[in-house]
Structure formats: C-alpha cells, structure tokens
$ cat coords03.pdb   # PDB, C-alpha atoms and all ligand atoms
MODEL        1
ATOM      1  CA  MET B1476     157.977 127.189  15.932
ATOM      2  CA  PRO B1477     156.423 127.811  12.445
ATOM      3  CA  PRO B1478     152.870 129.209  12.460
ATOM      4  CA  ARG B1479     150.206 126.519  12.239
ATOM      5  CA  ALA B1480     147.584 128.597  10.381
ATOM      6  CA  PRO B1481     147.263 128.078   6.610
ATOM      7  CA  TRP B1482     148.741 130.459   4.053
ATOM      8  CA  PRO B1483     147.164 132.140   2.259
ATOM      9  CA  PRO B1484     144.809 132.776   5.176
ATOM     10  CA  ARG B1485     141.174 131.799   4.589
ATOM     11  CA  HIS B1486     139.863 134.864   6.402
ATOM     12  CA  ALA B1487     141.665 137.978   7.622
ATOM     13  CA  VAL B1488     140.523 141.044   9.522
ATOM     14  CA  ILE B1489     142.346 144.300   8.809
ATOM     15  CA  SER B1490     141.958 147.487  10.833
ATOM     16  CA  GLY B1491     142.789 150.619   8.863
ATOM     17  CA  GLY B1492     141.787 148.644   5.799
ATOM     18  CA  SER B1493     140.345 151.530   3.810
ATOM     19  CA  SER B1494     143.561 153.241   2.730
ATOM     20  CA  GLY B1495     147.340 153.183   2.611
ATOM     21  CA  ILE B1496     149.219 150.086   3.747
ATOM     22  CA  GLY B1497     146.040 148.470   5.128
ATOM     23  CA  LEU B1498     144.262 148.707   1.781
ATOM     24  CA  ALA B1499     147.382 147.485  -0.053
ATOM     25  CA  MET B1500     147.462 144.435   2.221
ATOM     26  CA  ALA B1501     143.769 143.834   1.602
ATOM     27  CA  GLN B1502     144.388 143.896  -2.146
ATOM     28  CA  ALA B1503     147.378 141.555  -1.891
ATOM     29  CA  LEU B1504     145.489 139.074   0.290
ATOM     30  CA  ALA B1505     142.344 139.168  -1.850
ATOM     31  CA  ALA B1506     144.477 138.456  -4.910
ATOM     32  CA  GLN B1507     145.500 135.209  -3.170
ATOM     33  CA  GLY B1508     141.878 134.321  -2.405
ATOM     34  CA  THR B1509     141.724 135.400   1.247
ATOM     35  CA  GLY B1510     138.261 136.432   2.428
ATOM     36  CA  LEU B1511     138.417 139.780   4.213
ATOM     37  CA  THR B1512     136.741 141.825   6.883
ATOM     38  CA  LEU B1513     137.852 145.419   6.622
ATOM     39  CA  LEU B1514     137.486 147.804   9.563
ATOM     40  CA  ALA B1515     137.744 151.571   9.326
ATOM     41  CA  ARG B1516     136.071 154.613  10.812
ATOM     42  CA  ASP B1517     134.613 156.307   7.732
ATOM     43  CA  PRO B1518     131.811 154.164   6.201
ATOM     44  CA  ALA B1519     131.989 155.849   2.797
ATOM     45  CA  ARG B1520     135.750 155.378   2.445
ATOM     46  CA  LEU B1521     135.432 151.831   3.734
ATOM     47  CA  GLU B1522     132.810 150.933   1.123
ATOM     48  CA  ALA B1523     134.849 152.548  -1.628
ATOM     49  CA  ALA B1524     137.911 150.541  -0.577
ATOM     50  CA  ALA B1525     135.942 147.298  -0.352
ATOM     51  CA  GLY B1526     134.473 147.973  -3.799
ATOM     52  CA  ALA B1527     137.955 148.397  -5.256
ATOM     53  CA  VAL B1528     139.155 145.171  -3.637
ATOM     54  CA  ARG B1529     136.089 143.241  -4.861
ATOM     55  CA  ALA B1530     136.512 144.590  -8.383
ATOM     56  CA  ALA B1531     140.118 143.401  -8.495
ATOM     57  CA  ALA B1532     139.349 140.004  -6.943
ATOM     58  CA  PRO B1533     135.905 138.853  -8.129
ATOM     59  CA  GLY B1534     134.471 136.001  -6.086
ATOM     60  CA  VAL B1535     136.418 136.846  -2.946
ATOM     61  CA  GLU B1536     134.217 137.754   0.014
ATOM     62  CA  VAL B1537     134.986 141.226   1.302
ATOM     63  CA  ALA B1538     132.916 142.310   4.308
ATOM     64  CA  THR B1539     133.077 145.704   5.957
ATOM     65  CA  GLN B1540     132.533 146.815   9.544
ATOM     66  CA  PRO B1541     132.628 150.576  10.092
ATOM     67  CA  CYS B1542     134.182 150.936  13.516
ATOM     68  CA  ASP B1543     136.280 153.344  15.546
ATOM     69  CA  ILE B1544     139.199 151.257  16.721
ATOM     70  CA  ARG B1545     139.505 153.438  19.845
ATOM     71  CA  ASP B1546     136.140 152.065  21.006
ATOM     72  CA  ALA B1547     136.960 148.726  22.644
ATOM     73  CA  GLU B1548     133.372 147.463  22.741
ATOM     74  CA  ALA B1549     132.542 148.412  19.161
ATOM     75  CA  THR B1550     135.784 146.809  17.977
ATOM     76  CA  ALA B1551     135.078 143.639  19.960
ATOM     77  CA  ARG B1552     131.627 143.439  18.352
ATOM     78  CA  ALA B1553     133.131 143.918  14.875
ATOM     79  CA  VAL B1554     135.743 141.202  15.448
ATOM     80  CA  ALA B1555     133.142 138.810  16.902
ATOM     81  CA  ALA B1556     130.933 139.358  13.829
ATOM     82  CA  ALA B1557     133.917 138.666  11.560
ATOM     83  CA  GLU B1558     134.835 135.519  13.489
ATOM     84  CA  ALA B1559     131.193 134.350  13.303
ATOM     85  CA  ARG B1560     131.232 134.699   9.490
ATOM     86  CA  ALA B1561     134.348 132.528   9.221
ATOM     87  CA  PRO B1562     137.198 131.712  11.620
ATOM     88  CA  LEU B1563     140.000 134.268  11.390
ATOM     89  CA  ASP B1564     143.423 132.962  10.349
ATOM     90  CA  LEU B1565     145.011 136.418  10.358
ATOM     91  CA  ALA B1566     144.456 139.665  12.241
ATOM     92  CA  VAL B1567     146.223 142.723  10.867
ATOM     93  CA  ALA B1568     146.368 145.789  13.116
ATOM     94  CA  CYS B1569     147.119 148.603  10.721
ATOM     95  CA  ALA B1570     144.999 151.555  11.850
ATOM     96  CA  GLY B1571     147.180 154.392  13.008
ATOM     97  CA  VAL B1572     147.576 158.145  12.969
ATOM     98  CA  VAL B1573     150.549 160.462  13.085
ATOM     99  CA  ARG B1574     151.318 163.937  14.354
ATOM    100  CA  ALA B1575     154.683 165.519  13.746
ATOM    101  CA  GLY B1576     156.058 168.600  15.455
ATOM    102  CA  GLY B1577     158.540 169.828  18.022
ATOM    103  CA  PHE B1578     157.784 168.728  21.585
ATOM    104  CA  ALA B1579     157.169 172.314  22.639
ATOM    105  CA  ASP B1580     154.635 172.784  19.846
ATOM    106  CA  LEU B1581     152.607 169.585  20.208
ATOM    107  CA  PRO B1582     149.616 169.834  22.574
ATOM    108  CA  ALA B1583     149.362 167.214  25.336
ATOM    109  CA  GLN B1584     146.167 166.071  23.663
ATOM    110  CA  ALA B1585     148.149 164.952  20.594
ATOM    111  CA  HIS B1586     150.178 162.555  22.746
ATOM    112  CA  ARG B1587     146.980 161.106  24.224
ATOM    113  CA  GLU B1588     145.177 160.823  20.902
ATOM    114  CA  LEU B1589     148.057 159.014  19.236
ATOM    115  CA  MET B1590     148.378 156.541  22.086
ATOM    116  CA  GLU B1591     144.618 156.017  22.035
ATOM    117  CA  THR B1592     144.573 155.062  18.346
ATOM    118  CA  ASN B1593     148.015 153.592  17.695
ATOM    119  CA  TYR B1594     148.420 151.582  20.892
ATOM    120  CA  PHE B1595     144.967 151.044  22.372
ATOM    121  CA  GLY B1596     143.467 150.633  18.909
ATOM    122  CA  VAL B1597     145.761 147.659  18.343
ATOM    123  CA  LEU B1598     144.967 146.292  21.775
ATOM    124  CA  ASN B1599     141.227 146.660  21.117
ATOM    125  CA  LEU B1600     141.554 144.592  17.941
ATOM    126  CA  LEU B1601     143.807 141.888  19.350
ATOM    127  CA  ARG B1602     141.994 141.224  22.618
ATOM    128  CA  PRO B1603     138.905 139.761  20.890
ATOM    129  CA  ALA B1604     140.852 138.297  17.935
ATOM    130  CA  LEU B1605     143.449 136.305  19.860
ATOM    131  CA  GLY B1606     141.142 134.248  22.077
ATOM    132  CA  PRO B1607     139.516 132.161  19.325
ATOM    133  CA  MET B1608     142.856 131.728  17.495
ATOM    134  CA  ARG B1609     144.568 130.460  20.633
ATOM    135  CA  ALA B1610     141.640 128.164  21.371
ATOM    136  CA  ARG B1611     141.935 126.694  17.858
ATOM    137  CA  GLY B1612     145.727 126.425  18.209
ATOM    138  CA  ALA B1613     146.389 128.326  14.968
ATOM    139  CA  GLY B1614     146.547 131.895  13.741
ATOM    140  CA  ARG B1615     148.682 134.838  12.829
ATOM    141  CA  VAL B1616     148.811 138.414  14.079
ATOM    142  CA  LEU B1617     150.515 141.218  12.196
ATOM    143  CA  ILE B1618     150.952 144.563  13.936
ATOM    144  CA  VAL B1619     151.983 147.471  11.744
ATOM    145  CA  GLY B1620     154.530 149.444  13.741
ATOM    146  CA  SER B1621     157.017 151.861  12.217
ATOM    147  CA  ALA B1622     160.736 152.456  11.721
ATOM    148  CA  ALA B1623     160.006 155.295  14.149
ATOM    149  CA  GLY B1624     159.446 152.567  16.752
ATOM    150  CA  LEU B1625     163.086 151.547  16.428
ATOM    151  CA  ALA B1626     164.654 154.942  17.124
ATOM    152  CA  GLY B1627     163.310 158.289  18.267
ATOM    153  CA  PHE B1628     163.629 161.085  15.706
ATOM    154  CA  TRP B1629     163.276 164.875  16.052
ATOM    155  CA  GLY B1630     159.587 165.755  15.694
ATOM    156  CA  TYR B1631     158.170 162.339  16.682
ATOM    157  CA  SER B1632     157.871 162.786  20.465
ATOM    158  CA  ALA B1633     154.133 162.015  20.258
ATOM    159  CA  TYR B1634     154.298 159.363  17.535
ATOM    160  CA  ALA B1635     157.409 157.306  18.321
ATOM    161  CA  PRO B1636     156.353 156.281  21.862
ATOM    162  CA  THR B1637     153.180 154.697  20.483
ATOM    163  CA  LYS B1638     155.235 152.521  18.150
ATOM    164  CA  PHE B1639     157.795 151.685  20.835
ATOM    165  CA  ALA B1640     154.868 150.580  23.017
ATOM    166  CA  LEU B1641     153.640 148.294  20.258
ATOM    167  CA  ARG B1642     157.037 146.579  20.170
ATOM    168  CA  GLY B1643     156.687 145.756  23.850
ATOM    169  CA  LEU B1644     153.178 144.464  23.305
ATOM    170  CA  ALA B1645     154.261 142.360  20.320
ATOM    171  CA  GLU B1646     157.182 140.817  22.215
ATOM    172  CA  ALA B1647     155.047 139.874  25.208
ATOM    173  CA  LEU B1648     152.245 138.494  23.022
ATOM    174  CA  ARG B1649     154.681 136.522  20.884
ATOM    175  CA  ALA B1650     156.006 134.794  23.987
ATOM    176  CA  GLU B1651     152.515 133.970  25.254
ATOM    177  CA  CYS B1652     150.925 132.973  21.955
ATOM    178  CA  ALA B1653     153.687 130.930  20.292
ATOM    179  CA  PRO B1654     152.995 127.850  22.444
ATOM    180  CA  ASP B1655     149.365 128.037  21.250
ATOM    181  CA  GLY B1656     150.376 127.960  17.575
ATOM    182  CA  VAL B1657     149.687 131.675  17.024
ATOM    183  CA  SER B1658     152.501 133.794  15.604
ATOM    184  CA  VAL B1659     152.761 137.488  16.442
ATOM    185  CA  SER B1660     154.719 139.684  14.046
ATOM    186  CA  ILE B1661     155.397 143.399  14.154
ATOM    187  CA  GLY B1662     156.413 145.285  11.022
ATOM    188  CA  HIS B1663     158.683 148.325  10.988
ATOM    189  CA  PRO B1664     157.991 150.172   7.729
ATOM    190  CA  PRO B1665     159.757 153.404   6.787
ATOM    191  CA  ASP B1666     157.891 156.354   5.267
ATOM    192  CA  THR B1667     155.325 154.962   2.831
ATOM    193  CA  GLU B1668     153.464 156.833   0.106
ATOM    194  CA  THR B1669     149.944 157.057   1.560
ATOM    195  CA  PRO B1670     147.326 159.788   1.987
ATOM    196  CA  GLN B1671     148.464 159.989   5.614
ATOM    197  CA  LEU B1672     152.066 160.724   4.669
ATOM    198  CA  ALA B1673     150.855 163.499   2.384
ATOM    199  CA  ALA B1674     149.063 165.105   5.344
ATOM    200  CA  GLU B1675     152.012 164.556   7.670
ATOM    201  CA  ARG B1676     154.407 166.298   5.300
ATOM    202  CA  ALA B1677     152.416 169.520   5.739
ATOM    203  CA  GLU B1678     153.207 169.683   9.461
ATOM    204  CA  ARG B1679     156.736 168.277   9.574
ATOM    205  CA  PRO B1680     159.271 170.582  11.172
ATOM    206  CA  PRO B1681     162.409 171.212   9.088
ATOM    207  CA  GLN B1682     164.513 168.944  11.293
ATOM    208  CA  LEU B1683     162.262 165.968  10.536
ATOM    209  CA  VAL B1684     162.081 166.894   6.862
ATOM    210  CA  ALA B1685     165.885 166.713   6.716
ATOM    211  CA  ILE B1686     166.080 163.422   8.622
ATOM    212  CA  ALA B1687     163.302 161.774   6.580
ATOM    213  CA  ALA B1688     165.053 162.814   3.379
ATOM    214  CA  THR B1689     167.729 160.205   4.151
ATOM    215  CA  ALA B1690     165.188 157.420   3.629
ATOM    216  CA  PRO B1691     162.988 157.906   0.543
ATOM    217  CA  PRO B1692     159.357 156.766   0.913
ATOM    218  CA  ARG B1693     158.345 153.367  -0.387
ATOM    219  CA  GLU B1694     155.245 152.371  -2.317
ATOM    220  CA  ALA B1695     152.391 151.003  -0.195
ATOM    221  CA  ARG B1696     152.160 147.900  -2.352
ATOM    222  CA  ALA B1697     155.824 146.969  -1.788
ATOM    223  CA  VAL B1698     155.551 147.635   1.949
ATOM    224  CA  ALA B1699     152.404 145.511   2.175
ATOM    225  CA  ALA B1700     154.112 142.641   0.358
ATOM    226  CA  ALA B1701     157.124 142.760   2.684
ATOM    227  CA  LEU B1702     154.950 142.834   5.800
ATOM    228  CA  LEU B1703     152.802 139.921   4.633
ATOM    229  CA  ALA B1704     155.897 137.890   3.718
ATOM    230  CA  GLY B1705     157.167 138.374   7.269
ATOM    231  CA  ALA B1706     153.826 137.348   8.753
ATOM    232  CA  ARG B1707     153.662 134.295   6.487
ATOM    233  CA  ARG B1708     157.011 133.122   7.866
ATOM    234  CA  GLY B1709     155.959 133.962  11.409
ATOM    235  CA  ARG B1710     158.849 136.409  11.896
ATOM    236  CA  ALA B1711     158.706 138.272  15.210
ATOM    237  CA  ASP B1712     160.119 141.470  13.654
ATOM    238  CA  VAL B1713     159.648 142.500  10.047
ATOM    239  CA  PRO B1714     161.877 145.449   9.161
ATOM    240  CA  VAL B1715     161.031 146.913   5.754
ATOM    241  CA  GLY B1716     164.090 148.071   3.821
ATOM    242  CA  ALA B1717     167.764 148.249   4.648
ATOM    243  CA  LEU B1718     167.561 151.238   6.994
ATOM    244  CA  ALA B1719     164.870 149.718   9.186
ATOM    245  CA  TRP B1720     166.836 146.456   9.128
ATOM    246  CA  ALA B1721     169.976 148.303  10.250
ATOM    247  CA  LEU B1722     168.108 150.122  13.006
ATOM    248  CA  LEU B1723     166.601 146.864  14.248
ATOM    249  CA  ARG B1724     169.558 144.528  13.893
ATOM    250  CA  LEU B1725     172.574 146.736  14.507
ATOM    251  CA  ALA B1726     171.164 148.740  17.404
ATOM    252  CA  PRO B1727     172.323 149.466  20.012
ATOM    253  CA  ALA B1728     175.855 149.190  18.622
ATOM    254  CA  VAL B1729     175.333 151.816  15.911
ATOM    255  CA  ARG B1730     172.896 154.069  17.797
ATOM    256  CA  PRO B1731     175.436 156.553  19.186
ATOM    257  CA  ALA B1732     176.836 157.146  15.690
ATOM    258  CA  VAL B1733     173.350 157.320  14.124
ATOM    259  CA  ASP B1734     172.155 159.722  16.827
ATOM    260  CA  ALA B1735     175.191 161.962  16.370
ATOM    261  CA  TRP B1736     174.631 161.998  12.609
ATOM    262  CA  PHE B1737     170.936 162.887  12.878
ATOM    263  CA  ASP B1738     171.669 165.493  15.571
ATOM    264  CA  ARG B1739     173.894 167.259  13.034
ATOM    265  CA  VAL B1740     171.244 166.902  10.273
ATOM    266  CA  ALA B1741     168.563 168.328  12.601
ATOM    267  CA  ALA B1742     170.785 171.162  13.807
ATOM    268  CA  ARG B1743     171.578 172.210  10.234
ATOM    269  CA  ALA B1744     167.889 172.069   9.262
ATOM    270  CA  GLY B1745     166.894 173.993  12.405
ATOM    271  CA  ARG B1746     169.288 176.816  11.510
ATOM    272  CA  GLY B1747     167.462 176.964   8.153
TER     273      GLY B1747
HETATM  274  C1  LIG B1801     172.452 152.664  10.381
HETATM  275  C2  LIG B1801     171.029 153.002  10.459
HETATM  276  C3  LIG B1801     170.636 154.282   9.781
HETATM  277  C4  LIG B1801     169.179 154.429   9.884
HETATM  278  C5  LIG B1801     168.626 155.656   9.252
HETATM  279  C6  LIG B1801     167.135 155.636   9.288
HETATM  280  C7  LIG B1801     166.535 156.926   8.858
HETATM  281  C8  LIG B1801     165.045 156.888   8.892
HETATM  282  C9  LIG B1801     164.467 158.239   8.992
HETATM  283  C10 LIG B1801     162.996 158.340   8.767
HETATM  284  C11 LIG B1801     162.144 157.674   9.775
HETATM  285  C12 LIG B1801     160.735 157.625   9.372
HETATM  286  C13 LIG B1801     160.037 156.522  10.085
HETATM  287  C14 LIG B1801     158.683 156.178   9.526
HETATM  288  C15 LIG B1801     157.626 157.122   9.898
HETATM  289  C16 LIG B1801     156.256 156.665   9.490
HETATM  290  O1  LIG B1801     155.821 155.635  10.312
HETATM  291  C17 LIG B1801     155.363 157.854   9.566
HETATM  292  N1  LIG B1801     155.674 158.760   8.504
HETATM  293  C18 LIG B1801     153.906 157.512   9.522
HETATM  294  O2  LIG B1801     153.418 157.441   8.252
ENDMDL
END
$ encode --input "coords03.pdb" --output "structure tokens"
Amino acid sequence: MPPRAPWPPRHAVISGGSSGIGLAMAQALAAQGTGLTLLARDPARLEAAAGAVRAAAPGVEVATQPCDIRDAEATARAVAAAEARAPLDLAVACAGVVRAGGFADLPAQAHRELMETNYFGVLNLLRPALGPMRARGAGRVLIVGSAAGLAGFWGYSAYAPTKFALRGLAEALRAECAPDGVSVSIGHPPDTETPQLAAERAERPPQLVAIAATAPPREARAVAAALLAGARRGRADVPVGALAWALLRLAPAVRPAVDAWFDRVAARAGRG
C-alpha cells in the first residue's frame, strides 16, 4: 500500500539532526520546503546546524529541541512539542553511536551504551511520533540502520546487534502501521563520510579496517538522498549502494561465501 502522507512532507522531526546523515537529510528536506524539528544532544551544535539549514533554505521553519534521545520522557516531550507546532508527516530516527573493537577488548558498558542510544533511542522517538500519525491515517517513518545490520563483521560485536535489533523493530512496526496508512522504512547505509566515521576510524582494529576497505565510504549527501527516496516510496528496506543491496537481497544464499571471504581478509589483517 503506498504511503498516504504527502511528499515532500510538510513537517519532519529528525533525531541526530545536527551532523552527518541526519543533517544532510535536514538540508535535503528543507530544500524541498519541509518544515523541520531537529533533535540532538548538544545545544550549541544543534543551533549551528539549524542555522546552516535556515541559511540554505530561507523561509523554511527550522525548530530545535535539545534532547538526549536515551531519555524517553524528554524525547516524548520534544516530539509532542513538535507535533503541537504542526502535524508530523515524517519521523526520521537517525541518532546513533558506534564503538569498534574486538569482543575481548570492548567493555560490557559499550554494548549497553550502544543499545541504549541506537535501539532505545529510536524506540523513544517512535513511541510518541507514531500515535498521532496512525490516528490521522497518514505518515512516514524512516529508521537509519546500517549495512552492519545486514551481516556481522569483525569488530562490530557491540554495534551490529543494535542495528539487527532495529531491523526487527522496523519489520514489526511496518506490519502494524501499514493498515493505518503509515509506512515504516529502514535504511542500510554503508560507511558514510561523517564526523562519527572519522572518530570510529581511530579505534578500528586492523581486521575491520581491511574489511571496510572493500566498500569505500559514501558522501553523506548521497546517502541522505537515497534514504529519503526510499522513504518517499514507502520501501520497507532501503539498502544504500550495491554491496548493501547484495547483502540484503542475496542473503542468505551468498552469506557462506561472503563470510569465508571476510574471514580470510580479517585473518590476513590480524597477522599484520
Ligand atoms: C556479496 C555481498 C558483499 C558484501 C560486502 C559488504 C562489505 C561491507 C563492509 C563494511 C561494512 C560497514 C558497515 C557500515 C558501518 C557504519 O554503519 C558505521 N561505520 C557507523 O558509521
């Protein structure tokens, strides 16, 4: 069933809207006239991002709500305030963090923190956003997952499970929300040039460095455009690039061969 909400959306909320893919989506939507509410933790970075979006799209309303997405009540208040300004046609859950490292080297706390932000942060945004959309019978949800949610790679034992969990959430929500005219899409981007990727590179173990080298990073603007195109069409899954497409569409048939290949890449890198 095609989504019933208008495109471009009249009003969108974006978590993680102050940098990287979230900011690139904000810029792309504002360029089409979509009013925005941007959520992010750091008020200064959030205001700087909103200022850049406003400067590029004069006349478009860009509101900000500093908010820690891990705080369910604060996020619910931020979404309710956004919805009160203007009904939301689109909710984009983009806030996320990454830790890379061998399983033996990652503290248990890293696993918890990633799940808290990447999974529960999405949940905290969608719980208050979906109710009004379903009541109106129209809306779109776009969850930003990862190609690392399609296959587990060396060094992502803390990160990949959070993105796998989001796939389960997206599939269940899609089934429940489609009859109400609300589409739920999940994107699977590969490495994307963002400030976060720059920080991640500093802690990547050699095995992950070697594996990631097989899929060069994409520009945030191109990734944002691909994700929004998928959401516009109401696609359940939005793989970005050929490798993510192959992982999504050809798995599980190709997984044994892909795993064997990456096991060899990781083993070579591990030997230095
Ligand atoms: C036949 C299929 C071959 C598939 C090869 C895919 C190789 C992909 C290897 C890199 C995976 C990176 C996944 C993205 C990670 C980001 O989400 C992360 N860096 C956070 O910014």
$ resolve_selection --input "coords03.pdb" --expression "the PyMOL selection byres (((chain B and resi 1708-1713) around 6) and not hetatm)" --output "PDB file with C-alpha atoms, in the frame of the given file"
ATOM      1  CA  PRO B1478     152.870 129.209  12.460  1.00  0.00           C
ATOM      2  CA  SER B1658     152.501 133.794  15.604  1.00  0.00           C
ATOM      3  CA  SER B1660     154.719 139.684  14.046  1.00  0.00           C
ATOM      4  CA  ILE B1661     155.397 143.399  14.154  1.00  0.00           C
ATOM      5  CA  GLY B1662     156.413 145.285  11.022  1.00  0.00           C
ATOM      6  CA  HIS B1663     158.683 148.325  10.988  1.00  0.00           C
ATOM      7  CA  GLY B1705     157.167 138.374   7.269  1.00  0.00           C
ATOM      8  CA  ALA B1706     153.826 137.348   8.753  1.00  0.00           C
ATOM      9  CA  ARG B1707     153.662 134.295   6.487  1.00  0.00           C
ATOM     10  CA  PRO B1714     161.877 145.449   9.161  1.00  0.00           C
TER      11      PRO B1714
END
$ closest_residue --input "coords03.pdb" --among "B:Pro1665, B:Pro1670, B:Gly1627, B:Gly1745" --to "ligand LIG 1801 (chain B)" --atoms "all atoms listed in the file"
B:Pro1665
$ closest_residue --input "coords03.pdb" --among "B:Arg1529, B:Lys1638, B:His1586, B:His1486" --to "ligand LIG 1801 (chain B)" --atoms "all atoms listed in the file"
B:Lys1638
$ residues_near_ligand --input "coords03.pdb" --ligand "ligand LIG 1801 (chain B)" --cutoff "9 Å" --atoms "only C-alpha atoms and all ligand atoms" --output "count of residues only"
54
$ resolve_selection --input "coords03.pdb" --expression "the PyMOL selection byres (((chain B and resi 1536) around 7) and not hetatm)" --output "count of residues only"
6
$ residues_around --input "coords03.pdb" --residues "Leu1504 of chain B" --least-positions-apart "6" --cutoff "10 Å" --atoms "all atoms listed in the file" --output "JSON list (two decimals) with C-alpha atoms, in the coordinates of the input"
[["chain", "number", "residue", "atom", "x", "y", "z"],
["B", 1482, "TRP", "CA", 148.74, 130.46, 4.05],
["B", 1483, "PRO", "CA", 147.16, 132.14, 2.26],
["B", 1484, "PRO", "CA", 144.81, 132.78, 5.18],
["B", 1485, "ARG", "CA", 141.17, 131.80, 4.59],
["B", 1486, "HIS", "CA", 139.86, 134.86, 6.40],
["B", 1487, "ALA", "CA", 141.66, 137.98, 7.62],
["B", 1498, "LEU", "CA", 144.26, 148.71, 1.78],
["B", 1510, "GLY", "CA", 138.26, 136.43, 2.43],
["B", 1511, "LEU", "CA", 138.42, 139.78, 4.21],
["B", 1528, "VAL", "CA", 139.16, 145.17, -3.64],
["B", 1532, "ALA", "CA", 139.35, 140.00, -6.94],
["B", 1535, "VAL", "CA", 136.42, 136.85, -2.95],
["B", 1699, "ALA", "CA", 152.40, 145.51, 2.17],
["B", 1700, "ALA", "CA", 154.11, 142.64, 0.36],
["B", 1703, "LEU", "CA", 152.80, 139.92, 4.63]]
$ atom_distance --input "coords03.pdb" --atom1 "atom CA of Arg1746 of chain B" --atom2 "atom CA of Gly1576 of chain B"
16.1 Å
$ closest_residue --input "coords03.pdb" --among "B:Met1590, B:Ala1647, B:Ile1489, B:Cys1652" --to "Val1554 of chain B" --atoms "only C-alpha atoms"
B:Ile1489
$ build_atoms --input "coords03.pdb" --residues "segment 1524-1548 of chain B" --atoms "N, CA and C atoms" --output "mmCIF file, in the frame of the given file"
data_model
loop_
_atom_site.group_PDB
_atom_site.id
_atom_site.type_symbol
_atom_site.label_atom_id
_atom_site.label_comp_id
_atom_site.auth_asym_id
_atom_site.auth_seq_id
_atom_site.Cartn_x
_atom_site.Cartn_y
_atom_site.Cartn_z
ATOM 1 N N ALA B 1524 136.742 151.427 -0.589
ATOM 2 C CA ALA B 1524 137.911 150.541 -0.577
ATOM 3 C C ALA B 1524 137.485 149.097 -0.842
ATOM 4 N N ALA B 1525 136.412 148.676 -0.168
ATOM 5 C CA ALA B 1525 135.942 147.298 -0.352
ATOM 6 C C ALA B 1525 135.517 147.072 -1.813
ATOM 7 N N GLY B 1526 134.886 148.088 -2.392
ATOM 8 C CA GLY B 1526 134.473 147.973 -3.799
ATOM 9 C C GLY B 1526 135.678 147.790 -4.712
ATOM 10 N N ALA B 1527 136.746 148.513 -4.428
ATOM 11 C CA ALA B 1527 137.955 148.397 -5.256
ATOM 12 C C ALA B 1527 138.579 147.008 -5.094
ATOM 13 N N VAL B 1528 138.572 146.504 -3.868
ATOM 14 C CA VAL B 1528 139.155 145.171 -3.637
ATOM 15 C C VAL B 1528 138.316 144.105 -4.342
ATOM 16 N N ARG B 1529 136.980 144.238 -4.217
ATOM 17 C CA ARG B 1529 136.089 143.241 -4.861
ATOM 18 C C ARG B 1529 136.269 143.269 -6.379
ATOM 19 N N ALA B 1530 136.394 144.477 -6.927
ATOM 20 C CA ALA B 1530 136.512 144.590 -8.383
ATOM 21 C C ALA B 1530 137.780 143.911 -8.883
ATOM 22 N N ALA B 1531 138.843 143.999 -8.069
ATOM 23 C CA ALA B 1531 140.118 143.401 -8.495
ATOM 24 C C ALA B 1531 140.181 141.906 -8.208
ATOM 25 N N ALA B 1532 139.311 141.428 -7.306
ATOM 26 C CA ALA B 1532 139.349 140.004 -6.943
ATOM 27 C C ALA B 1532 137.924 139.458 -6.915
ATOM 28 N N PRO B 1533 137.302 139.305 -8.094
ATOM 29 C CA PRO B 1533 135.905 138.853 -8.129
ATOM 30 C C PRO B 1533 135.776 137.477 -7.473
ATOM 31 N N GLY B 1534 134.695 137.302 -6.726
ATOM 32 C CA GLY B 1534 134.471 136.001 -6.086
ATOM 33 C C GLY B 1534 135.012 135.927 -4.669
ATOM 34 N N VAL B 1535 135.881 136.854 -4.311
ATOM 35 C CA VAL B 1535 136.418 136.846 -2.946
ATOM 36 C C VAL B 1535 135.468 137.633 -2.050
ATOM 37 N N GLU B 1536 135.155 137.074 -0.885
ATOM 38 C CA GLU B 1536 134.217 137.754 0.014
ATOM 39 C C GLU B 1536 134.925 138.874 0.766
ATOM 40 N N VAL B 1537 134.405 140.072 0.610
ATOM 41 C CA VAL B 1537 134.986 141.226 1.302
ATOM 42 C C VAL B 1537 133.881 141.896 2.109
ATOM 43 N N ALA B 1538 133.918 141.705 3.428
ATOM 44 C CA ALA B 1538 132.916 142.310 4.308
ATOM 45 C C ALA B 1538 133.493 143.578 4.924
ATOM 46 N N THR B 1539 132.608 144.468 5.321
ATOM 47 C CA THR B 1539 133.077 145.704 5.957
ATOM 48 C C THR B 1539 132.379 145.887 7.304
ATOM 49 N N GLN B 1540 133.090 146.481 8.226
ATOM 50 C CA GLN B 1540 132.533 146.815 9.544
ATOM 51 C C GLN B 1540 133.020 148.213 9.893
ATOM 52 N N PRO B 1541 132.198 149.247 9.657
ATOM 53 C CA PRO B 1541 132.628 150.576 10.092
ATOM 54 C C PRO B 1541 132.807 150.568 11.603
ATOM 55 N N CYS B 1542 133.943 151.021 12.079
ATOM 56 C CA CYS B 1542 134.182 150.936 13.516
ATOM 57 C C CYS B 1542 135.356 151.816 13.902
ATOM 58 N N ASP B 1543 135.191 152.518 15.007
ATOM 59 C CA ASP B 1543 136.280 153.344 15.546
ATOM 60 C C ASP B 1543 137.104 152.449 16.453
ATOM 61 N N ILE B 1544 138.328 152.214 16.036
ATOM 62 C CA ILE B 1544 139.199 151.257 16.721
ATOM 63 C C ILE B 1544 139.508 151.694 18.166
ATOM 64 N N ARG B 1545 139.259 152.971 18.472
ATOM 65 C CA ARG B 1545 139.505 153.438 19.845
ATOM 66 C C ARG B 1545 138.398 152.974 20.789
ATOM 67 N N ASP B 1546 137.280 152.522 20.212
ATOM 68 C CA ASP B 1546 136.140 152.065 21.006
ATOM 69 C C ASP B 1546 136.265 150.551 21.190
ATOM 70 N N ALA B 1547 136.660 150.145 22.402
ATOM 71 C CA ALA B 1547 136.960 148.726 22.644
ATOM 72 C C ALA B 1547 135.735 147.850 22.410
ATOM 73 N N GLU B 1548 134.561 148.318 22.871
ATOM 74 C CA GLU B 1548 133.372 147.463 22.741
ATOM 75 C C GLU B 1548 132.926 147.333 21.288
#
